[in-house]
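Student: Here you go, start.cif (mmCIF, C-alpha atoms and all ligand atoms):
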data_my_file
#
loop_
_atom_site.label_atom_id
_atom_site.label_comp_id
_atom_site.auth_asym_id
_atom_site.auth_seq_id
_atom_site.Cartn_x
_atom_site.Cartn_y
_atom_site.Cartn_z
CA SER A 707 -4.08 -12.61 -19.12
CA THR A 708 -1.28 -11.35 -16.88
CA GLY A 709 0.52 -8.09 -16.28
CA GLY A 710 2.64 -6.14 -13.88
CA ALA A 711 4.95 -3.23 -13.42
CA VAL A 712 7.82 -1.92 -11.36
CA ALA A 713 7.27 -0.40 -7.89
CA THR A 714 9.89 2.27 -7.26
CA PRO A 715 10.48 3.51 -3.69
CA GLU A 716 10.47 7.16 -2.79
CA ASP A 717 12.85 8.41 -0.10
CA HIS A 718 13.01 6.13 2.98
CA ASP A 719 10.59 3.76 1.20
CA VAL A 720 7.79 6.09 2.40
CA GLU A 721 5.78 4.95 -0.64
CA TYR A 722 6.24 3.02 -3.88
CA LEU A 723 5.22 4.45 -7.26
CA THR A 724 4.14 2.34 -10.25
CA PRO A 725 3.64 3.57 -13.86
CA VAL A 726 0.02 3.16 -14.96
CA SER A 727 -1.25 3.86 -18.49
CA ILE A 728 -4.58 5.73 -18.79
CA GLY A 729 -6.52 6.64 -21.93
CA THR A 730 -5.93 6.77 -25.70
CA PRO A 731 -3.26 7.76 -26.59
CA GLU A 732 -1.80 6.58 -23.31
CA GLN A 733 -1.12 9.03 -20.52
CA ILE A 734 1.33 7.45 -18.08
CA LEU A 735 0.96 8.45 -14.43
CA ASN A 736 2.99 7.17 -11.48
CA LEU A 737 0.49 5.89 -8.92
CA ASP A 738 0.75 4.65 -5.36
CA ILE A 739 -0.80 1.17 -5.42
CA ASP A 740 -2.71 0.93 -2.16
CA THR A 741 -4.19 -2.32 -0.84
CA GLY A 742 -5.67 -0.33 2.05
CA SER A 743 -8.20 1.60 -0.07
CA SER A 744 -10.32 1.02 -3.17
CA ASP A 745 -10.45 4.20 -5.24
CA LEU A 746 -8.36 4.82 -8.37
CA TRP A 747 -7.93 8.57 -8.31
CA VAL A 748 -5.53 10.80 -10.23
CA PHE A 749 -4.30 14.34 -10.40
CA SER A 750 -6.03 15.79 -13.45
CA SER A 751 -6.72 18.78 -15.68
CA GLU A 752 -9.59 19.44 -13.25
CA THR A 753 -7.39 19.63 -10.13
CA SER A 754 -7.30 23.08 -8.59
CA ARG A 755 -4.13 24.67 -9.95
CA SER A 756 -3.01 25.88 -6.53
CA GLU A 757 -3.03 22.28 -5.30
CA VAL A 758 -0.74 20.92 -8.04
CA LYS A 759 3.04 21.01 -7.54
CA GLY A 760 4.81 19.00 -10.20
CA GLN A 761 2.43 16.06 -10.59
CA THR A 762 1.55 14.62 -14.01
CA LEU A 763 -2.09 15.37 -14.85
CA TYR A 764 -4.56 13.03 -16.56
CA ASP A 765 -6.59 15.05 -19.07
CA PRO A 766 -9.72 13.14 -20.17
CA SER A 767 -10.33 15.65 -22.97
CA ASN A 768 -7.15 14.31 -24.60
CA SER A 769 -8.37 10.69 -24.44
CA SER A 770 -10.60 9.36 -27.23
CA THR A 771 -11.74 6.55 -24.94
CA ALA A 772 -12.70 8.67 -21.93
CA GLN A 773 -16.38 8.75 -21.05
CA LYS A 774 -17.67 11.01 -18.29
CA LEU A 775 -20.02 9.46 -15.68
CA GLU A 776 -22.31 12.48 -15.43
CA GLY A 777 -23.35 13.27 -11.86
CA TYR A 778 -20.88 10.83 -10.29
CA THR A 779 -18.60 12.11 -7.56
CA TRP A 780 -16.09 10.76 -5.07
CA SER A 781 -14.52 11.95 -1.84
CA ILE A 782 -12.02 10.09 0.31
CA SER A 783 -10.28 10.70 3.64
CA TYR A 784 -7.34 8.55 4.67
CA GLY A 785 -6.30 7.51 8.14
CA ASP A 786 -3.29 9.85 8.01
CA GLY A 787 -5.63 12.84 7.63
CA SER A 788 -5.08 13.37 3.92
CA SER A 789 -8.02 13.64 1.50
CA SER A 790 -9.12 14.24 -2.08
CA ALA A 791 -12.36 14.55 -4.07
CA GLY A 792 -13.71 15.01 -7.60
CA GLU A 793 -15.63 13.57 -10.54
CA VAL A 794 -15.53 10.24 -12.42
CA TYR A 795 -14.70 9.02 -15.95
CA LEU A 796 -14.46 5.57 -17.47
CA ASP A 797 -11.32 4.96 -19.51
CA THR A 798 -8.84 2.30 -20.54
CA VAL A 799 -6.27 1.55 -17.84
CA SER A 800 -3.22 -0.72 -18.15
CA ILE A 801 -0.56 -1.96 -15.78
CA GLY A 802 2.07 -3.44 -18.05
CA ALA A 803 0.43 -5.92 -20.42
CA LEU A 804 -2.81 -6.08 -18.40
CA THR A 805 -5.59 -3.82 -19.72
CA VAL A 806 -9.02 -3.02 -18.29
CA SER A 807 -11.08 -1.32 -20.98
CA SER A 808 -13.69 0.40 -18.82
CA GLN A 809 -12.10 1.33 -15.52
CA ALA A 810 -13.50 4.07 -13.27
CA VAL A 811 -10.88 6.80 -13.19
CA GLU A 812 -11.63 9.28 -10.43
CA VAL A 813 -10.29 12.69 -11.38
CA ALA A 814 -9.34 14.96 -8.48
CA GLN A 815 -10.77 18.46 -8.36
CA LYS A 816 -9.20 19.06 -4.95
CA VAL A 817 -6.48 17.36 -2.92
CA SER A 818 -5.16 18.02 0.59
CA SER A 819 -1.73 19.51 1.24
CA GLU A 820 -0.16 16.09 1.86
CA PHE A 821 -0.82 15.15 -1.76
CA THR A 822 0.10 18.58 -3.15
CA SER A 823 3.53 18.37 -1.52
CA ASP A 824 4.15 14.80 -2.74
CA SER A 825 5.28 15.94 -6.18
CA ASN A 826 6.12 12.51 -7.66
CA ASN A 827 2.80 10.93 -6.65
CA ASP A 828 0.19 11.35 -9.40
CA GLY A 829 -2.57 9.51 -7.52
CA LEU A 830 -3.60 6.24 -5.90
CA LEU A 831 -4.73 2.90 -7.32
CA GLY A 832 -6.71 1.09 -4.66
CA LEU A 833 -6.61 -2.70 -4.46
CA GLY A 834 -8.74 -3.11 -1.36
CA PHE A 835 -12.19 -4.68 -1.51
CA GLY A 836 -14.99 -2.98 -3.43
CA SER A 837 -16.97 -2.06 -0.31
CA LEU A 838 -14.43 0.70 0.40
CA ASN A 839 -14.97 2.55 -2.91
CA THR A 840 -16.31 6.08 -2.31
CA VAL A 841 -17.96 6.84 -5.68
CA GLN A 842 -21.54 8.10 -5.48
CA PRO A 843 -24.29 7.35 -6.47
CA ASN A 844 -22.91 3.91 -7.44
CA ALA A 845 -19.66 2.44 -6.10
CA GLN A 846 -17.13 1.48 -8.79
CA LYS A 847 -14.99 -1.63 -9.10
CA THR A 848 -11.24 -1.70 -8.52
CA PHE A 849 -8.77 -2.43 -11.29
CA PHE A 850 -8.25 -5.91 -9.82
CA ASP A 851 -11.96 -6.67 -9.59
CA ASN A 852 -12.41 -5.63 -13.23
CA ALA A 853 -9.36 -7.61 -14.37
CA MET A 854 -9.93 -10.75 -12.29
CA PRO A 855 -12.22 -12.70 -14.66
CA ALA A 856 -9.62 -12.50 -17.43
CA LEU A 857 -6.57 -13.26 -15.26
CA ASP A 858 -4.81 -16.63 -15.62
CA SER A 859 -5.11 -16.84 -11.82
CA PRO A 860 -7.24 -14.49 -9.64
CA VAL A 861 -4.27 -13.03 -7.79
CA PHE A 862 -1.91 -10.10 -7.61
CA THR A 863 1.45 -10.12 -5.84
CA ALA A 864 3.45 -7.46 -4.04
CA ASP A 865 7.24 -7.74 -4.10
CA LEU A 866 8.38 -4.48 -2.52
CA LYS A 867 12.08 -4.01 -1.73
CA ALA A 868 14.20 -1.87 0.55
CA GLY A 869 15.64 1.08 -1.36
CA ILE A 870 15.39 -0.51 -4.81
CA PRO A 871 12.54 -1.17 -7.24
CA GLY A 872 10.30 -4.16 -6.73
CA ARG A 873 7.18 -5.26 -8.61
CA TYR A 874 3.45 -5.70 -8.57
CA ASN A 875 2.30 -8.61 -10.76
CA PHE A 876 -1.23 -9.61 -11.74
CA GLY A 877 -2.54 -13.05 -12.70
CA TYR A 878 0.48 -15.20 -11.81
CA ILE A 879 2.95 -16.05 -9.11
CA ASP A 880 6.61 -15.72 -10.14
CA PRO A 881 8.41 -18.75 -8.66
CA ASN A 882 11.72 -16.86 -8.90
CA ALA A 883 10.50 -14.04 -6.67
CA TYR A 884 10.55 -15.88 -3.35
CA THR A 885 12.30 -18.59 -1.35
CA GLY A 886 10.83 -21.54 0.53
CA ASN A 887 7.07 -22.01 0.68
CA ILE A 888 4.21 -19.56 0.47
CA THR A 889 2.05 -19.84 3.62
CA TYR A 890 -1.56 -18.89 3.00
CA VAL A 891 -3.76 -17.42 5.73
CA SER A 892 -7.45 -16.53 5.81
CA VAL A 893 -8.65 -12.97 5.18
CA ASP A 894 -11.57 -11.20 6.85
CA ASP A 895 -12.86 -8.83 4.14
CA SER A 896 -15.81 -7.59 6.21
CA GLN A 897 -14.20 -4.13 6.67
CA GLY A 898 -12.98 -3.98 3.07
CA PHE A 899 -9.33 -4.65 3.98
CA TRP A 900 -6.95 -7.56 3.45
CA ASP A 901 -7.32 -8.30 7.15
CA TRP A 902 -5.53 -11.34 8.61
CA THR A 903 -4.24 -12.63 11.94
CA SER A 904 -0.62 -13.29 12.83
CA PRO A 905 -0.05 -15.74 15.71
CA GLY A 906 2.75 -13.68 17.27
CA TYR A 907 6.28 -12.39 17.04
CA ALA A 908 9.93 -12.79 18.03
CA ILE A 909 12.58 -10.19 18.74
CA GLY A 910 16.13 -10.90 17.66
CA SER A 911 17.17 -14.41 18.68
CA GLY A 912 14.49 -14.46 21.39
CA SER A 913 11.70 -16.97 21.82
CA PHE A 914 8.47 -16.73 19.87
CA GLU A 915 5.72 -14.86 21.73
CA ASN A 916 2.30 -16.34 21.00
CA THR A 917 -0.11 -13.43 20.85
CA THR A 918 -2.87 -12.84 18.30
CA ILE A 919 -2.16 -9.84 16.07
CA LYS A 920 -5.06 -8.97 13.75
CA GLY A 921 -4.21 -6.44 11.07
CA ILE A 922 -4.30 -5.41 7.44
CA ALA A 923 -1.78 -5.79 4.64
CA ASP A 924 -1.58 -2.19 3.44
CA THR A 925 0.90 -1.30 0.69
CA GLY A 926 -0.12 2.35 1.06
CA THR A 927 1.02 2.66 4.67
CA SER A 928 4.76 3.24 5.19
CA LEU A 929 5.35 1.71 8.61
CA LEU A 930 4.54 -1.43 10.58
CA LEU A 931 1.92 -0.46 13.18
CA LEU A 932 1.48 -3.00 15.97
CA PRO A 933 -0.20 -3.31 19.39
CA SER A 934 1.50 -1.20 22.06
CA SER A 935 2.51 -4.31 24.06
CA VAL A 936 4.53 -5.61 21.10
CA VAL A 937 6.06 -2.22 20.33
CA SER A 938 7.06 -1.66 23.94
CA ALA A 939 8.63 -5.12 24.12
CA TYR A 940 10.66 -4.42 20.97
CA TYR A 941 12.01 -0.99 21.90
CA GLY A 942 12.55 -2.17 25.46
CA LYS A 943 15.37 -4.30 24.06
CA ILE A 944 17.20 -1.28 22.63
CA SER A 945 19.39 0.97 24.79
CA GLY A 946 18.43 4.58 24.21
CA ALA A 947 15.15 3.85 22.44
CA LYS A 948 12.25 5.93 23.75
CA TYR A 949 8.87 7.35 22.88
CA ASP A 950 9.39 10.95 21.69
CA SER A 951 6.15 12.91 22.09
CA THR A 952 7.47 15.69 19.88
CA GLN A 953 7.96 13.22 17.01
CA ALA A 954 4.82 11.30 18.09
CA GLY A 955 6.63 8.01 17.90
CA TYR A 956 9.44 5.81 19.13
CA VAL A 957 12.94 6.91 18.20
CA LEU A 958 16.12 4.90 18.61
CA PRO A 959 19.88 5.24 18.11
CA CYS A 960 20.60 4.52 14.44
CA SER A 961 23.68 2.58 15.62
CA PRO A 962 24.19 -0.15 16.61
CA THR A 963 21.80 -1.90 14.22
CA PRO A 964 18.65 -2.78 16.16
CA PRO A 965 17.43 -6.37 16.64
CA ASP A 966 15.54 -8.18 13.89
CA PHE A 967 11.76 -8.44 14.27
CA ALA A 968 9.84 -11.51 13.09
CA PHE A 969 6.07 -11.93 12.79
CA GLY A 970 4.44 -15.33 12.57
CA VAL A 971 2.37 -16.56 9.62
CA GLY A 972 0.04 -19.54 9.94
CA ASP A 973 0.10 -22.29 12.53
CA ASP A 974 3.07 -24.27 11.20
CA GLY A 975 5.79 -21.98 12.55
CA ALA A 976 6.39 -19.90 9.42
CA ALA A 977 7.56 -16.35 9.98
CA ILE A 978 8.66 -13.22 8.09
CA VAL A 979 11.88 -11.68 9.46
CA LEU A 980 12.46 -7.93 9.24
CA PRO A 981 16.20 -7.22 9.35
CA GLY A 982 16.89 -4.76 12.16
CA LYS A 983 18.03 -2.10 9.70
CA TYR A 984 14.43 -1.86 8.44
CA ILE A 985 13.52 -0.45 11.86
CA ASN A 986 15.89 2.47 11.25
CA TYR A 987 13.20 4.07 9.15
CA ALA A 988 14.77 7.52 8.73
CA PRO A 989 17.15 9.82 10.62
CA THR A 990 15.29 12.40 12.72
CA GLY A 991 17.98 15.08 12.38
CA SER A 992 20.99 16.09 10.35
CA SER A 993 23.49 14.21 12.52
CA GLY A 994 22.00 10.81 11.67
CA THR A 995 22.49 9.71 15.27
CA THR A 996 18.81 9.20 16.07
CA CYS A 997 16.35 7.34 13.85
CA PHE A 998 12.56 7.30 13.73
CA GLY A 999 11.34 3.76 14.32
CA GLY A 1000 9.87 1.72 11.47
CA ILE A 1001 7.69 -0.09 14.02
CA GLN A 1002 5.13 2.14 15.78
CA GLY A 1003 1.94 1.66 17.78
CA ASP A 1004 -1.50 1.04 16.27
CA SER A 1005 -3.43 2.72 19.13
CA GLY A 1006 -6.70 4.28 18.02
CA ILE A 1007 -6.85 2.39 14.70
CA GLY A 1008 -8.46 -0.77 16.03
CA PHE A 1009 -6.12 -3.17 14.23
CA ALA A 1010 -2.48 -3.54 13.21
CA ILE A 1011 -1.22 -2.31 9.86
CA PHE A 1012 1.39 -4.37 8.03
CA GLY A 1013 2.70 -1.53 5.91
CA ASP A 1014 5.76 -1.25 3.69
CA VAL A 1015 8.31 -1.80 6.49
CA ALA A 1016 6.82 -5.29 6.88
CA LEU A 1017 5.80 -5.97 3.28
CA LYS A 1018 9.26 -5.25 1.85
CA ALA A 1019 10.60 -8.23 3.82
CA ALA A 1020 8.18 -10.58 2.07
CA PHE A 1021 6.68 -11.81 -1.19
CA VAL A 1022 2.92 -11.39 -0.70
CA VAL A 1023 0.11 -13.02 -2.70
CA PHE A 1024 -3.27 -11.29 -2.56
CA ASP A 1025 -5.66 -14.03 -3.68
CA GLY A 1026 -9.01 -12.61 -4.80
CA GLY A 1027 -10.36 -16.07 -5.62
CA SER A 1028 -9.95 -17.72 -2.22
CA LYS A 1029 -9.72 -14.38 -0.35
CA THR A 1030 -6.48 -15.42 1.31
CA LEU A 1031 -3.06 -13.86 1.77
CA GLY A 1032 0.10 -15.79 0.92
CA TRP A 1033 3.35 -14.86 2.68
CA ALA A 1034 6.84 -16.01 1.67
CA SER A 1035 10.38 -14.96 2.52
CA LYS A 1036 12.69 -13.89 -0.30
O1 LIG B 1101 -6.54 5.47 5.20
C1 LIG B 1101 -6.01 4.41 5.44
C2 LIG B 1101 -4.69 4.06 4.81
C3 LIG B 1101 -3.83 5.29 4.70
C4 LIG B 1101 -2.60 5.01 3.89
C5 LIG B 1101 -2.93 4.36 2.58
N1 LIG B 1101 -3.71 3.15 2.78
C6 LIG B 1101 -4.97 3.44 3.45
N2 LIG B 1101 -6.59 3.50 6.21
C7 LIG B 1101 -5.98 2.21 6.49
C8 LIG B 1101 -6.11 1.83 7.90
C9 LIG B 1101 -7.46 2.06 8.46
C10 LIG B 1101 -7.95 3.44 8.21
C11 LIG B 1101 -7.89 3.80 6.78
#
Re-express the file's structure as structure tokens.

Tutor:
Amino acid sequence: STGGAVATPEDHDVEYLTPVSIGTPEQILNLDIDTGSSDLWVFSSETSRSEVKGQTLYDPSNSSTAQKLEGYTWSISYGDGSSSAGEVYLDTVSIGALTVSSQAVEVAQKVSSEFTSDSNNDGLLGLGFGSLNTVQPNAQKTFFDNAMPALDSPVFTADLKAGIPGRYNFGYIDPNAYTGNITYVSVDDSQGFWDWTSPGYAIGSGSFENTTIKGIADTGTSLLLLPSSVVSAYYGKISGAKYDSTQAGYVLPCSPTPPDFAFGVGDDGAAIVLPGKYINYAPTGSSGTTCFGGIQGDSGIGFAIFGDVALKAAFVVFDGGSKTLGWASK
């Protein structure tokens, strides 16, 4: 089997939303597919009314295939401080033509303000490793783990794009979605993340800097978070760029276009190049003179995060069979 669906960016590519079908008859919710976590949770008929602002709600009582897991609960806190919690059902879940008949669907009873205010986001679909799942008393499998045995190939791919819809595919690699070769690198799944190591980076037309950068491929994080030494080297090349403590990040003049940023993949010299315009993440004010940087520091996290600013420059294969990541330009 195979499947897949469109990934549509919200403003500034802060997140990408993908239509997911749940239940019988189908209830279609737009979910944030997140390789940095492993819970599939949705806004629901059980979500506190005061915490819902425009989201589409999954109602298990309207699904003939919903089965409640009595006594099961979940509660998750994300690195950005957001959180949600609730109860658990099993139901049929599809992404395009790919269907999992008994998927744990975690219904939210409460969500934090970050989710309440994100009116187009109806929940998250985690594609991290199973060890991260928060369901008690027994952890539940991700959509990918459930689907994998039936997939033509045990993979999913992320093809996110700047400002326009991209795609998540399951079970196959679309040869028309990338250029050149796919370079595969090993993954350390011991922390539950798609955690890999880049050999270094280059700024603009500058020389390649060999420095180990260990980090996770996280479709649910907006920015590219890197070691402070790398971030300082990058913004040090830009007149007027500075760390703004009020914004809690580096800001830079939106014009001229900043230098490209490349990160290495594998030991054969392959690299993914972020066009400089990707580093103009969003204007900080109404004049559009100053931009918030798409590259920021990873201090306090313990590893780098290759979020959407990086991922949208690449075609990425998440290989659940070999537990490797494949990176290609496009
Ligand atoms: O909570 C997160 C992210 C938040 C955004 C969505 N993906 C998961 N983590 C990833 C990095 C380490 C800490 C946990």

Student: Measuring between all atoms listed in the file, which one of A:Tyr890, A:Tyr987, A:Trp780, A:Phe821 shows the shortest distance to A:Gly869?

Tutor: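 With all atoms listed in the file as the atom set, the closest residue is A:Tyr987.
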
Student: Name the residues within 12 Å of (11.0, -8.9, 18.7), counting only C-alpha atoms in the file's coordinates, and put them as a PyMOL selection string.

Tutor: chain A and resi 906-916+932+935-944+964-970+977-982+985+1001

Student: Neighbours of ligand LIG 1101 (chain B) within 6 Å, counting only C-alpha atoms and all ligand atoms, as a list in words?

Tutor: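 So, counting only C-alpha atoms and all ligand atoms, the residues near ligand LIG 1101 (chain B) are Asp740, Gly742, Ser743, Tyr784, Gly785, Asp786, Asp924, Gly926 and Thr927 of chain A.
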
Student: Env of A:Thr741: 8 Å cut, atoms = only C-alpha atoms, seq-sep filter 4 positions within chain, self excluded. Answer as a ChimeraX atom specification.

Tutor: /A:832-834,899-900,923-926

Student: Figure out the distance between atom CA of A:Ile919 and atom CA of A:Gly955, please, to one decimal in Å.

Tutor: 20.0 Å

Student: Write out as a list in words the residues lying within 6 Å of A:Val1023, counting all atoms listed in the file and excluding same-chain residues fewer than 2 positions away.

Tutor: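 Those residues are Thr863, Asp1025, Leu1031 and Gly1032 of chain A.
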
Student: Can you list, as JSON, numbers by chain, every protein, DNA or RNA residue that comes within 9 Å of A:Tyr722 when you count only C-alpha atoms, leaving out same-chain residues fewer than 5 positions away?

Tutor: {"A": [713, 714, 715, 716, 737, 738, 739, 866, 871, 872, 925, 926, 1014]}

Student: Expressed in Å to a single decimal, how great is the separation between atom CA of A:Tyr956 and atom CA of A:Ser788?

Tutor: 22.3 Å

Student: Please list as a list in words every residue within 9 Å of A:Leu929, counting only C-alpha atoms and excluding residues in the same chain fewer than 6 positions away.

Tutor: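 Neighbouring residues, sequence-local ones excluded: Val720, Tyr987, Gly999, Gly1000, Ile1001, Gln1002, Ile1011, Phe1012, Gly1013, Asp1014, Val1015 and Ala1016 of chain A.
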
Student: Just how far from atom CA of A:Thr779 is atom CA of A:Ser819, in Å to one decimal?

Tutor: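 For atom CA of A:Ser819 relative to atom CA of A:Thr779, the distance reads 20.4 Å.
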